[in-house]
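Contents: one structure, followed by commentary.
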Amino acid sequence: MAPVKTPQDLVKRRLLRLYGALVARHGPQGWWPARSPFEVAVGAILTQHTAWTSVERAIANLSGDRALTAARLAALATPRLEGLIRPAGTYRLKARRLRAFAAWLLARFQGRMAALEREPLAALRRELLAVPGIGPETADSILLYGAGRPVFVADVYSRRVLARHRIVPQRIGYEELRGFLESHLPGDPRLFNELHALLVAVGKSHCRTRPRCDGCPLRWDLRGRPPRG
DNA sequence: GACCAGGCACATC
DNA sequence: GATGTGCATGGT
């Protein structure tokens with residue numbers, strides 16, 4: 001006898017179906033585009049309210065100065081650091097935030113990002129959130145993409161796409177959406193990684209420009225019917 | 001020239 | 001607790 005499907009199971013199935021449709025249509029996204037976990041954290045701070053193309057230039061500047069470790073970044077003079085990250089915008093603000101993160105990582109783990117892979121997750125996340133300039137989305141990006149922890153980055157794109165497809169309410173908050181996804185998906189960082197990246201890709205394109213997504217290919221994929229006409 | 005981009009902190013109501 | 005605003009560059 002088949003086990004009874006709970007509402008929990010149905011949501012899970014729907015999310016996994018969405019994931020399957022996204023992978024089939026868009027393929028693996030290869031996130032996070034960084035050469036080291038510390039670079040992930042730097043990128044997560046620099047990309048706050050900023051296009052990734054701008055962040056890439058700032059990271060290239062930091063890389064050129066061999067400043068992509070906590071110790072090297074912390075050793076930079078502030079005007080130098082500000083100059084390097086200027087292409088990413090809000091450079092004075094972000095220089096402070098990068099410094100604060102590097103100082104925390106040095107003080108707490110001798111600058112070693114690998115330590116984030118072993119710490120108790122809930123306490124570690126609280127610690128990150130206490131670093132000035134690290135909010136929920138930045139903390140979760142660092143934990144998922146920089147440390148491989150099973151935390152969902154419940155950003156505006158995730159909310160937009162999931163709401164457009166009536167999987168979550170339109171006005172769901174960050175923490176609420178994160179809890180929803182983490183409790184309705186297998187706790188697999190690779191799945192969180194790929195699904196989030198795909199939601200961003202789709203959220204940037206048609207799900208941003210089409211208010212109801214009624215004719216969007218993804219909608220047909222989810223209904224199990226091929227798009228016609 | 002307006003608007004947006006892989007947010008956050010702080011002030012105000 | 002919700003809403004508004006500063007931060008600031010670069011692409012469309």
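Numbering starts fresh at 1 for the residues of each chain in the structure tokens, the chains themselves are lettered A, B, ... in the order given, and ligands are numbered from 1 as they appear.
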Exercise: region 35-40 of chain A partners within 8 Å, only C-alpha atoms (C1' of nucleotides), chain neighbours under 5 positions left out, as number ranges by chain: A: 59, 68-70, 113-114, 142, 145-147
Residues as selected, C-alpha atoms, written as a PDB file, in the first residue's frame, can you do that?
```pdb
ATOM      1  CA  ILE A  59      37.413  41.292  -8.005  1.00  0.00           C
ATOM      2  CA  LEU A  68      41.989  37.862  -2.055  1.00  0.00           C
ATOM      3  CA  THR A  69      42.828  36.444   1.357  1.00  0.00           C
ATOM      4  CA  ALA A  70      41.585  37.764   4.689  1.00  0.00           C
ATOM      5  CA  MET A 113      37.198  29.818   5.262  1.00  0.00           C
ATOM      6  CA  ALA A 114      37.414  26.014   5.550  1.00  0.00           C
ATOM      7  CA  ILE A 142      28.698  32.809   1.969  1.00  0.00           C
ATOM      8  CA  TYR A 145      28.487  28.883  -1.932  1.00  0.00           C
ATOM      9  CA  GLY A 146      31.572  29.511   0.174  1.00  0.00           C
ATOM     10  CA  ALA A 147      31.206  26.782   2.786  1.00  0.00           C
TER      11      ALA A 147
END
```
DC4 (chain B) environment, 12 Å, only C-alpha atoms (C1' of nucleotides), sequence neighbours closer than 4 positions dropped, as a list in words: His49, Thr50, Ala51, Lys204 and Arg208 of chain A; DG10, DG11 and DT12 of chain C
Nearest to DG6 (chain B), chosen from A:Gly83, A:Pro169, A:Pro150, A:Gly203, with only C-alpha atoms (C1' of nucleotides) counted in the distances: A:Gly203
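On the backbone of this structure, DSSP gives helix (DSSP H, G or I) within region 108-144 of chain A to Arg108, Phe109, Met113, Ala114, Ala115, Leu116, Glu117, Leu121, Ala122, Ala123, Leu124, Arg125, Arg126, Glu127, Leu128, Leu129, Ala130, Pro136, Glu137, Thr138, Ala139, Asp140, Ser141, Ile142, Leu143 and Leu144 of chain A.
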Suppose we keep N, CA and C atoms; can you now write the selection as a JSON list (two decimals), in the first residue's frame?
```
[["chain", "number", "residue", "atom", "x", "y", "z"],
["A", 108, "ARG", "N", 38.35, 35.00, 14.34],
["A", 108, "ARG", "CA", 37.59, 33.83, 14.76],
["A", 108, "ARG", "C", 38.20, 32.52, 14.25],
["A", 109, "PHE", "N", 38.72, 32.55, 13.00],
["A", 109, "PHE", "CA", 39.21, 31.30, 12.40],
["A", 109, "PHE", "C", 40.58, 31.46, 11.74],
["A", 113, "MET", "N", 38.59, 30.05, 5.65],
["A", 113, "MET", "CA", 37.20, 29.82, 5.26],
["A", 113, "MET", "C", 36.79, 28.37, 5.50],
["A", 114, "ALA", "N", 37.74, 27.44, 5.39],
["A", 114, "ALA", "CA", 37.41, 26.01, 5.55],
["A", 114, "ALA", "C", 36.81, 25.73, 6.92],
["A", 115, "ALA", "N", 37.12, 26.58, 7.90],
["A", 115, "ALA", "CA", 36.57, 26.38, 9.24],
["A", 115, "ALA", "C", 35.05, 26.51, 9.24],
["A", 116, "LEU", "N", 34.50, 27.28, 8.26],
["A", 116, "LEU", "CA", 33.05, 27.48, 8.20],
["A", 116, "LEU", "C", 32.31, 26.20, 7.82],
["A", 117, "GLU", "N", 33.05, 25.23, 7.28],
["A", 117, "GLU", "CA", 32.41, 23.98, 6.87],
["A", 117, "GLU", "C", 32.11, 23.08, 8.06],
["A", 121, "LEU", "N", 25.86, 25.07, 12.46],
["A", 121, "LEU", "CA", 25.34, 25.99, 11.45],
["A", 121, "LEU", "C", 24.56, 27.18, 12.00],
["A", 122, "ALA", "N", 23.62, 26.90, 12.90],
["A", 122, "ALA", "CA", 22.75, 27.98, 13.37],
["A", 122, "ALA", "C", 23.56, 29.06, 14.08],
["A", 123, "ALA", "N", 24.49, 28.65, 14.93],
["A", 123, "ALA", "CA", 25.31, 29.62, 15.67],
["A", 123, "ALA", "C", 26.23, 30.38, 14.72],
["A", 124, "LEU", "N", 26.76, 29.66, 13.74],
["A", 124, "LEU", "CA", 27.65, 30.30, 12.76],
["A", 124, "LEU", "C", 26.91, 31.38, 11.97],
["A", 125, "ARG", "N", 25.70, 31.06, 11.57],
["A", 125, "ARG", "CA", 24.89, 32.03, 10.82],
["A", 125, "ARG", "C", 24.60, 33.27, 11.67],
["A", 126, "ARG", "N", 24.30, 33.06, 12.93],
["A", 126, "ARG", "CA", 24.07, 34.21, 13.83],
["A", 126, "ARG", "C", 25.32, 35.07, 13.95],
["A", 127, "GLU", "N", 26.46, 34.42, 14.03],
["A", 127, "GLU", "CA", 27.73, 35.16, 14.11],
["A", 127, "GLU", "C", 27.95, 36.01, 12.86],
["A", 128, "LEU", "N", 27.73, 35.39, 11.71],
["A", 128, "LEU", "CA", 27.90, 36.12, 10.44],
["A", 128, "LEU", "C", 26.98, 37.33, 10.39],
["A", 129, "LEU", "N", 25.74, 37.14, 10.82],
["A", 129, "LEU", "CA", 24.76, 38.23, 10.77],
["A", 129, "LEU", "C", 25.14, 39.37, 11.71],
["A", 130, "ALA", "N", 25.97, 39.06, 12.70],
["A", 130, "ALA", "CA", 26.41, 40.09, 13.64],
["A", 130, "ALA", "C", 27.56, 40.92, 13.07],
["A", 136, "PRO", "N", 21.08, 38.87, 5.87],
["A", 136, "PRO", "CA", 20.67, 37.48, 5.64],
["A", 136, "PRO", "C", 21.12, 36.93, 4.28],
["A", 137, "GLU", "N", 20.91, 37.68, 3.22],
["A", 137, "GLU", "CA", 21.23, 37.15, 1.90],
["A", 137, "GLU", "C", 22.74, 36.98, 1.72],
["A", 138, "THR", "N", 23.51, 37.93, 2.18],
["A", 138, "THR", "CA", 24.96, 37.83, 2.08],
["A", 138, "THR", "C", 25.48, 36.68, 2.93],
["A", 139, "ALA", "N", 24.99, 36.55, 4.15],
["A", 139, "ALA", "CA", 25.40, 35.46, 5.04],
["A", 139, "ALA", "C", 25.10, 34.12, 4.40],
["A", 140, "ASP", "N", 23.91, 33.98, 3.85],
["A", 140, "ASP", "CA", 23.50, 32.70, 3.28],
["A", 140, "ASP", "C", 24.28, 32.38, 2.00],
["A", 141, "SER", "N", 24.62, 33.39, 1.21],
["A", 141, "SER", "CA", 25.45, 33.16, 0.03],
["A", 141, "SER", "C", 26.83, 32.65, 0.44],
["A", 142, "ILE", "N", 27.39, 33.24, 1.48],
["A", 142, "ILE", "CA", 28.70, 32.81, 1.97],
["A", 142, "ILE", "C", 28.61, 31.37, 2.49],
["A", 143, "LEU", "N", 27.55, 31.08, 3.25],
["A", 143, "LEU", "CA", 27.42, 29.74, 3.84],
["A", 143, "LEU", "C", 27.20, 28.67, 2.77],
["A", 144, "LEU", "N", 26.32, 28.96, 1.82],
["A", 144, "LEU", "CA", 26.02, 27.96, 0.79],
["A", 144, "LEU", "C", 27.16, 27.83, -0.22]]
```
What's around DA9 (chain B) at 12 Å? Count only C-alpha atoms (C1' of nucleotides), leave out sequence neighbours fewer than 4 positions away in its own chain, and write the answer as an mmCIF file with C-alpha atoms (C1' of nucleotides), in the first residue's frame.
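After the write, selection_28.cif holds the following:
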```
data_model
loop_
_atom_site.group_PDB
_atom_site.id
_atom_site.type_symbol
_atom_site.label_atom_id
_atom_site.label_comp_id
_atom_site.auth_asym_id
_atom_site.auth_seq_id
_atom_site.Cartn_x
_atom_site.Cartn_y
_atom_site.Cartn_z
ATOM 1 C CA LEU A 93 30.526 51.367 2.333
ATOM 2 C CA ARG A 97 32.085 45.751 5.024
ATOM 3 C CA VAL A 131 29.220 41.258 11.328
ATOM 4 C CA PRO A 132 28.382 44.806 10.192
ATOM 5 C CA GLY A 133 27.268 44.792 6.568
ATOM 6 C CA ILE A 134 26.459 41.069 6.471
ATOM 7 C CA GLY A 135 22.687 40.664 6.174
ATOM 8 C "C1'" DT C 5 16.397 56.677 2.327
ATOM 9 C "C1'" DG C 6 21.575 56.794 1.632
ATOM 10 C "C1'" DC C 7 25.148 54.371 -0.322
#
```
